>>> print(open('target23.tsv').read())   # TSV, C-alpha atoms and all ligand atoms
chain	number	residue	atom	x	y	z
J	1	MET	CA	0.00	0.00	0.00
J	2	LEU	CA	2.68	2.44	1.11
J	3	VAL	CA	6.44	2.34	0.59
J	4	ILE	CA	8.56	4.74	2.63
J	5	LEU	CA	12.02	5.98	1.58
J	6	ILE	CA	14.44	7.10	4.28
J	7	SER	CA	18.11	8.04	4.61
J	8	GLY	CA	18.58	8.42	8.34
J	9	ARG	CA	16.78	8.71	11.65
J	10	GLY	CA	13.37	7.82	10.29
J	11	SER	CA	11.18	9.50	12.87
J	12	ASN	CA	8.60	10.45	10.22
J	13	MET	CA	8.57	6.87	8.96
J	14	GLN	CA	8.02	5.77	12.54
J	15	ALA	CA	5.10	8.20	12.87
J	16	LEU	CA	3.53	6.78	9.70
J	17	VAL	CA	3.90	3.22	11.00
J	18	GLU	CA	2.60	4.09	14.46
J	19	ALA	CA	-0.43	5.81	12.96
J	20	GLY	CA	-1.41	2.35	11.69
J	21	LEU	CA	-0.88	3.06	8.01
J	22	PRO	CA	-0.38	-0.03	5.81
J	23	VAL	CA	3.38	0.15	5.21
J	24	SER	CA	4.62	-2.54	2.79
J	25	ALA	CA	8.31	-1.67	2.90
J	26	VAL	CA	10.92	0.80	4.11
J	27	ILE	CA	13.77	1.43	1.69
J	28	SER	CA	16.97	3.34	2.44
J	29	ASN	CA	19.88	4.49	0.30
J	30	ARG	CA	22.14	4.02	3.31
J	31	ALA	CA	22.69	0.72	5.11
J	32	ASP	CA	23.38	2.60	8.36
J	33	ALA	CA	20.10	4.52	8.41
J	34	ALA	CA	18.93	4.27	12.02
J	35	GLY	CA	15.29	4.01	10.95
J	36	LEU	CA	15.84	0.59	9.38
J	37	GLU	CA	16.20	-0.92	12.82
J	38	PHE	CA	12.77	0.32	13.85
J	39	ALA	CA	11.19	-1.03	10.65
J	40	ARG	CA	12.79	-4.43	11.20
J	41	SER	CA	11.57	-4.47	14.80
J	42	ARG	CA	8.05	-4.03	13.43
J	43	LYS	CA	8.56	-6.88	10.94
J	44	ILE	CA	8.24	-4.51	8.00
J	45	ALA	CA	10.18	-5.48	4.86
J	46	THR	CA	13.32	-3.39	4.46
J	47	ALA	CA	15.80	-2.93	1.63
J	48	VAL	CA	18.93	-0.92	1.00
J	49	VAL	CA	19.70	0.50	-2.44
J	50	ASP	CA	23.10	2.08	-1.94
J	51	HIS	CA	23.53	5.07	-4.25
J	52	LYS	CA	27.33	4.75	-4.02
J	53	LYS	CA	27.15	1.47	-5.93
J	54	PHE	CA	25.76	3.13	-9.06
J	55	ALA	CA	27.73	5.07	-11.64
J	56	THR	CA	24.94	7.49	-12.47
J	57	ARG	CA	21.89	9.04	-10.83
J	58	GLU	CA	19.74	7.41	-13.53
J	59	ALA	CA	21.08	3.91	-12.75
J	60	PHE	CA	20.45	4.43	-9.04
J	61	ASP	CA	16.92	5.72	-9.61
J	62	ASP	CA	16.13	2.78	-11.91
J	63	ALA	CA	17.27	0.28	-9.28
J	64	LEU	CA	15.33	2.14	-6.60
J	65	ALA	CA	12.15	2.18	-8.69
J	66	LYS	CA	12.51	-1.55	-9.32
J	67	GLU	CA	12.78	-2.21	-5.58
J	68	ILE	CA	9.80	0.03	-4.83
J	69	ASP	CA	7.62	-1.46	-7.56
J	70	ARG	CA	8.12	-5.01	-6.30
J	71	HIS	CA	5.71	-3.97	-3.56
J	72	LYS	CA	3.18	-2.43	-5.95
J	73	PRO	CA	2.51	0.50	-3.62
J	74	ARG	CA	-0.29	2.97	-4.16
J	75	LEU	CA	1.77	5.66	-2.46
J	76	VAL	CA	5.48	6.40	-2.05
J	77	ALA	CA	6.37	8.57	0.94
J	78	LEU	CA	9.73	10.33	1.11
J	79	ALA	CA	10.63	10.69	4.77
J	80	GLY	CA	14.01	12.33	5.14
J	81	PHE	CA	15.20	10.74	1.90
J	82	LYS	CA	18.28	12.74	1.07
J	83	ARG	CA	18.70	12.22	-2.67
J	84	VAL	CA	17.83	14.45	-5.58
J	85	LEU	CA	15.59	12.43	-7.86
J	86	THR	CA	15.73	12.31	-11.66
J	87	PRO	CA	12.80	13.68	-13.69
J	88	LYS	CA	12.13	10.15	-15.00
J	89	PHE	CA	11.78	8.78	-11.47
J	90	VAL	CA	9.54	11.66	-10.41
J	91	ALA	CA	7.37	11.22	-13.53
J	92	HIS	CA	6.99	7.49	-12.81
J	93	TYR	CA	5.45	8.31	-9.41
J	94	GLU	CA	3.56	11.40	-10.51
J	95	ARG	CA	0.63	12.18	-8.20
J	96	ARG	CA	1.49	9.20	-5.99
J	97	MET	CA	4.62	10.39	-4.20
J	98	LEU	CA	4.60	12.67	-1.15
J	99	ASN	CA	7.40	14.46	0.68
J	100	ILE	CA	7.66	16.22	4.01
J	101	HIS	CA	9.69	19.40	4.16
J	102	PRO	CA	10.61	21.31	7.33
J	103	SER	CA	9.38	24.77	6.34
J	104	LEU	CA	6.22	26.54	5.31
J	105	LEU	CA	6.72	26.18	1.56
J	106	PRO	CA	7.31	27.96	-0.73
J	107	ALA	CA	9.57	29.65	1.84
J	108	PHE	CA	12.91	27.98	2.60
J	109	THR	CA	13.22	25.20	0.07
J	110	GLY	CA	16.44	23.20	0.36
J	111	LEU	CA	18.59	22.58	3.43
J	112	ASP	CA	19.11	24.24	6.84
J	113	THR	CA	15.57	25.54	6.90
J	114	HIS	CA	15.46	26.26	10.64
J	115	GLU	CA	18.71	28.23	10.66
J	116	ARG	CA	17.53	30.22	7.65
J	117	ALA	CA	14.12	30.89	9.18
J	118	LEU	CA	15.79	32.27	12.31
J	119	ALA	CA	18.22	34.35	10.24
J	120	ALA	CA	15.30	35.81	8.30
J	121	GLY	CA	13.51	36.69	11.53
J	122	VAL	CA	10.24	35.03	10.54
J	123	LYS	CA	7.69	34.80	13.33
J	124	LEU	CA	5.93	31.78	11.90
J	125	HIS	CA	7.67	28.63	10.70
J	126	GLY	CA	6.55	25.05	10.21
J	127	CYS	CA	6.39	22.09	7.88
J	128	THR	CA	4.67	21.02	4.68
J	129	VAL	CA	3.58	17.76	3.09
J	130	HIS	CA	3.47	18.11	-0.68
J	131	PHE	CA	3.25	16.03	-3.82
J	132	VAL	CA	6.66	15.59	-5.42
J	133	THR	CA	7.28	17.27	-8.76
J	134	ALA	CA	10.49	17.66	-10.75
J	135	GLU	CA	11.33	20.95	-9.04
J	136	LEU	CA	12.94	20.52	-5.62
J	137	ASP	CA	10.58	21.08	-2.66
J	138	ASN	CA	7.91	22.25	-4.99
J	139	GLY	CA	4.64	20.59	-5.89
J	140	PRO	CA	1.04	20.79	-4.72
J	141	ILE	CA	0.70	21.38	-0.97
J	142	VAL	CA	-1.41	18.84	0.91
J	143	ILE	CA	-1.14	20.10	4.49
J	144	GLN	CA	0.94	22.51	6.55
J	145	ALA	CA	1.55	22.94	10.27
J	146	ALA	CA	2.56	26.34	11.61
J	147	VAL	CA	4.72	26.85	14.65
J	148	ARG	CA	5.34	30.17	16.41
J	149	VAL	CA	9.00	31.19	16.52
J	150	ARG	CA	9.91	32.10	20.08
J	151	ALA	CA	12.27	34.99	20.83
J	152	GLY	CA	15.84	33.78	21.28
J	153	GLU	CA	15.02	30.23	20.26
J	154	SER	CA	17.87	28.03	18.98
J	155	ALA	CA	17.69	26.26	15.62
J	156	ASP	CA	17.65	22.92	17.44
J	157	ALA	CA	14.72	23.91	19.64
J	158	LEU	CA	12.81	25.22	16.65
J	159	ALA	CA	13.57	22.02	14.71
J	160	ALA	CA	12.19	19.95	17.60
J	161	HIS	CA	8.95	21.95	17.67
J	162	VAL	CA	8.56	21.59	13.93
J	163	LEU	CA	9.40	17.86	13.98
J	164	LYS	CA	6.61	17.24	16.49
J	165	GLN	CA	4.18	18.74	13.98
J	166	GLU	CA	5.70	16.77	11.09
J	167	HIS	CA	4.67	13.64	12.96
J	168	VAL	CA	1.11	14.97	13.14
J	169	ILE	CA	0.63	16.06	9.54
J	170	TYR	CA	2.43	13.33	7.58
J	171	PRO	CA	0.20	10.45	8.74
J	172	ARG	CA	-2.84	12.64	8.15
J	173	ALA	CA	-1.78	13.40	4.58
J	174	ALA	CA	-0.93	9.77	3.81
J	175	ARG	CA	-4.28	8.62	5.17
J	176	TRP	CA	-6.13	11.17	3.03
J	177	PHE	CA	-4.26	9.93	-0.01
J	178	LEU	CA	-5.01	6.25	0.67
J	179	ASP	CA	-8.66	7.13	1.34
J	180	ASN	CA	-8.80	8.80	-2.11
J	181	LYS	CA	-9.63	12.13	-0.53
J	182	LEU	CA	-7.03	14.27	-2.30
J	183	VAL	CA	-7.96	16.16	-5.45
J	184	ILE	CA	-5.40	18.27	-7.34
J	185	GLN	CA	-6.86	21.10	-9.39
J	186	ASN	CA	-4.62	23.65	-11.12
J	187	GLY	CA	-1.76	22.72	-8.80
J	188	VAL	CA	-3.84	23.17	-5.65
J	189	VAL	CA	-4.83	20.26	-3.42
J	190	ARG	CA	-8.31	20.02	-2.01
J	191	VAL	CA	-9.37	17.41	0.54
J	192	LYS	CA	-12.79	15.92	-0.07
J	193	GLY	CA	-14.95	16.57	2.98
J	194	ASP	CA	-13.05	19.81	3.73
J	195	ASP	CA	-10.66	18.32	6.27
J	196	ALA	CA	-8.40	20.98	7.77
J	197	GLN	CA	-5.24	21.43	5.72
J	198	LEU	CA	-3.66	23.74	8.29
J	199	VAL	CA	-2.58	22.82	11.81
J	200	MET	CA	-1.70	25.67	14.18
J	201	ALA	CA	0.60	24.30	16.86
J	202	ALA	CA	-0.43	25.31	20.36
J	203	ASP	CA	2.18	27.44	22.17
A	1	LIG	C1	12.66	15.92	8.66
A	1	LIG	O1	12.86	17.16	9.24
A	1	LIG	C2	11.99	16.07	7.32
A	1	LIG	O2	11.11	17.16	7.26
A	1	LIG	C3	13.15	16.32	6.41
A	1	LIG	O3	14.19	15.52	6.90
A	1	LIG	C4	13.98	15.25	8.27
A	1	LIG	C5	13.92	13.76	8.42
A	1	LIG	O4	13.79	13.34	9.76
A	1	LIG	N1	12.78	16.06	5.03
A	1	LIG	P1	13.39	11.84	10.08
A	1	LIG	O5	14.43	10.96	9.39
A	1	LIG	O6	12.01	11.59	9.56
A	1	LIG	O7	13.49	11.71	11.57
>>> encode(input="target23.tsv", output="structure tokens")
Amino acid sequence: MLVILISGRGSNMQALVEAGLPVSAVISNRADAAGLEFARSRKIATAVVDHKKFATREAFDDALAKEIDRHKPRLVALAGFKRVLTPKFVAHYERRMLNIHPSLLPAFTGLDTHERALAAGVKLHGCTVHFVTAELDNGPIVIQAAVRVRAGESADALAAHVLKQEHVIYPRAARWFLDNKLVIQNGVVRVKGDDAQLVMAAD
């Protein structure tokens, strides 16, 4: 039903599993990804497709797609998967691949989002689940959670507040998808039944 791609800690993957979503497999590009241990402990199929073993990005993406497609998932969820994907790979999973990004997109695409949010002096920060398109951290927005930035807060503290909300919104988005509730119209996602697509974190 759902295949999750990770590269490291895997706390979002864990949140998806613990929400009771039907996870068929967890795949990592790194054998030492800590999240694999959790998946194994839950008797979920795991696989490693090591990007270092492939000469090109295309060859890696082809091998990854083959591994994913063995499970015939309806949805692919990127959860801290730290690889730039080729347009061919993205096209293959068009409208059936989600990502979670630690900012209120379209602000702060890319890396070090919490540091950059603090440097910009924003008062509101957060996280976004979006459909994956060829452009990095772009694509139709499914749900966002907003977190107030506290005066003098460190990047680590802000990251922890945001991560807590990531674990709330990612399972919700994946469930909507699997329940066929998501409709994309002109690049904008609507949830059938008007479920709230914005979470405001309590202070
Ligand atoms: C999260 O902050 C996620 O938004 C970003 O990478 C981090 C992954 O954390 N894409 P985890 O591996 O899910 O704990």
>>> closest_residue(input="target23.tsv", among="J:Lys53, J:Arg9, J:His167, J:Arg40", to="ligand LIG 1 (chain A)", atoms="only C-alpha atoms and all ligand atoms")
J:Arg9
>>> residues_near_ligand(input="target23.tsv", ligand="ligand LIG 1 (chain A)", cutoff="10 Å", atoms="all atoms listed in the file", output="PyMOL selection string")
chain J and resi 5-16+33-35+78-82+99-103+110-114+126-129+137+159-160+162-167+170
>>> closest_residue(input="target23.tsv", among="J:Arg83, J:Lys72, J:Arg116, J:Arg42", to="Arg30 (chain J)", atoms="all atoms listed in the file")
J:Arg83
>>> closest_residue(input="target23.tsv", among="J:Ile44, J:Leu85, J:Ala157, J:Met1", to="Glu135 (chain J)", atoms="only C-alpha atoms")
J:Leu85
>>> closest_residue(input="target23.tsv", among="J:Leu104, J:Ala196, J:Val17, J:Ala134", to="Ala117 (chain J)", atoms="only C-alpha atoms")
J:Leu104
>>> closest_residue(input="target23.tsv", among="J:Ala19, J:Ala155, J:Leu105, J:Ile27", to="His71 (chain J)", atoms="only C-alpha atoms")
J:Ile27
>>> closest_atom_pairs(input="target23.tsv", of="region 29-141 of chain J", to="region 175-180 of chain J", cutoff="9 Å", atoms="all atoms listed in the file", output="CSV")
residue,atom,partner,partner_atom,distance
J:Arg74,CA,J:Leu178,CA,7.5
J:Leu75,CA,J:Leu178,CA,7.5
J:Arg96,CA,J:Phe177,CA,8.3
>>> write_last_selection(input="target23.tsv", atoms="C-alpha atoms", output="PDB file, in the coordinates of the input")
ATOM      1  CA  ARG J  74      -0.290   2.970  -4.160  1.00  0.00           C
ATOM      2  CA  LEU J  75       1.770   5.660  -2.460  1.00  0.00           C
ATOM      3  CA  ARG J  96       1.490   9.200  -5.990  1.00  0.00           C
TER       4      ARG J  96
END
>>> closest_residue(input="target23.tsv", among="J:Asn29, J:Met97, J:Ala39, J:Ala77", to="Ile4 (chain J)", atoms="only C-alpha atoms")
J:Ala77
>>> residues_around(input="target23.tsv", residues="Asp195 (chain J)", least_positions_apart="5", cutoff="12 Å", atoms="only C-alpha atoms", output="list of chain:residue names")
J:Val142, J:Ile143, J:Ile169, J:Arg172, J:Ala173, J:Arg175, J:Trp176, J:Lys181, J:Leu182, J:Val189, J:Arg190
>>> atom_distance(input="target23.tsv", atom1="CA of Lys66 (chain J)", atom2="CA of Asn138 (chain J)")
24.6 Å
>>> atom_distance(input="target23.tsv", atom1="CA of Val3 (chain J)", atom2="CA of Asp50 (chain J)")
16.9 Å
>>> residues_around(input="target23.tsv", residues="Leu198 (chain J)", least_positions_apart="4", cutoff="8 Å", atoms="only C-alpha atoms", output="JSON, numbers by chain")
{"J": [143, 144, 145, 146]}
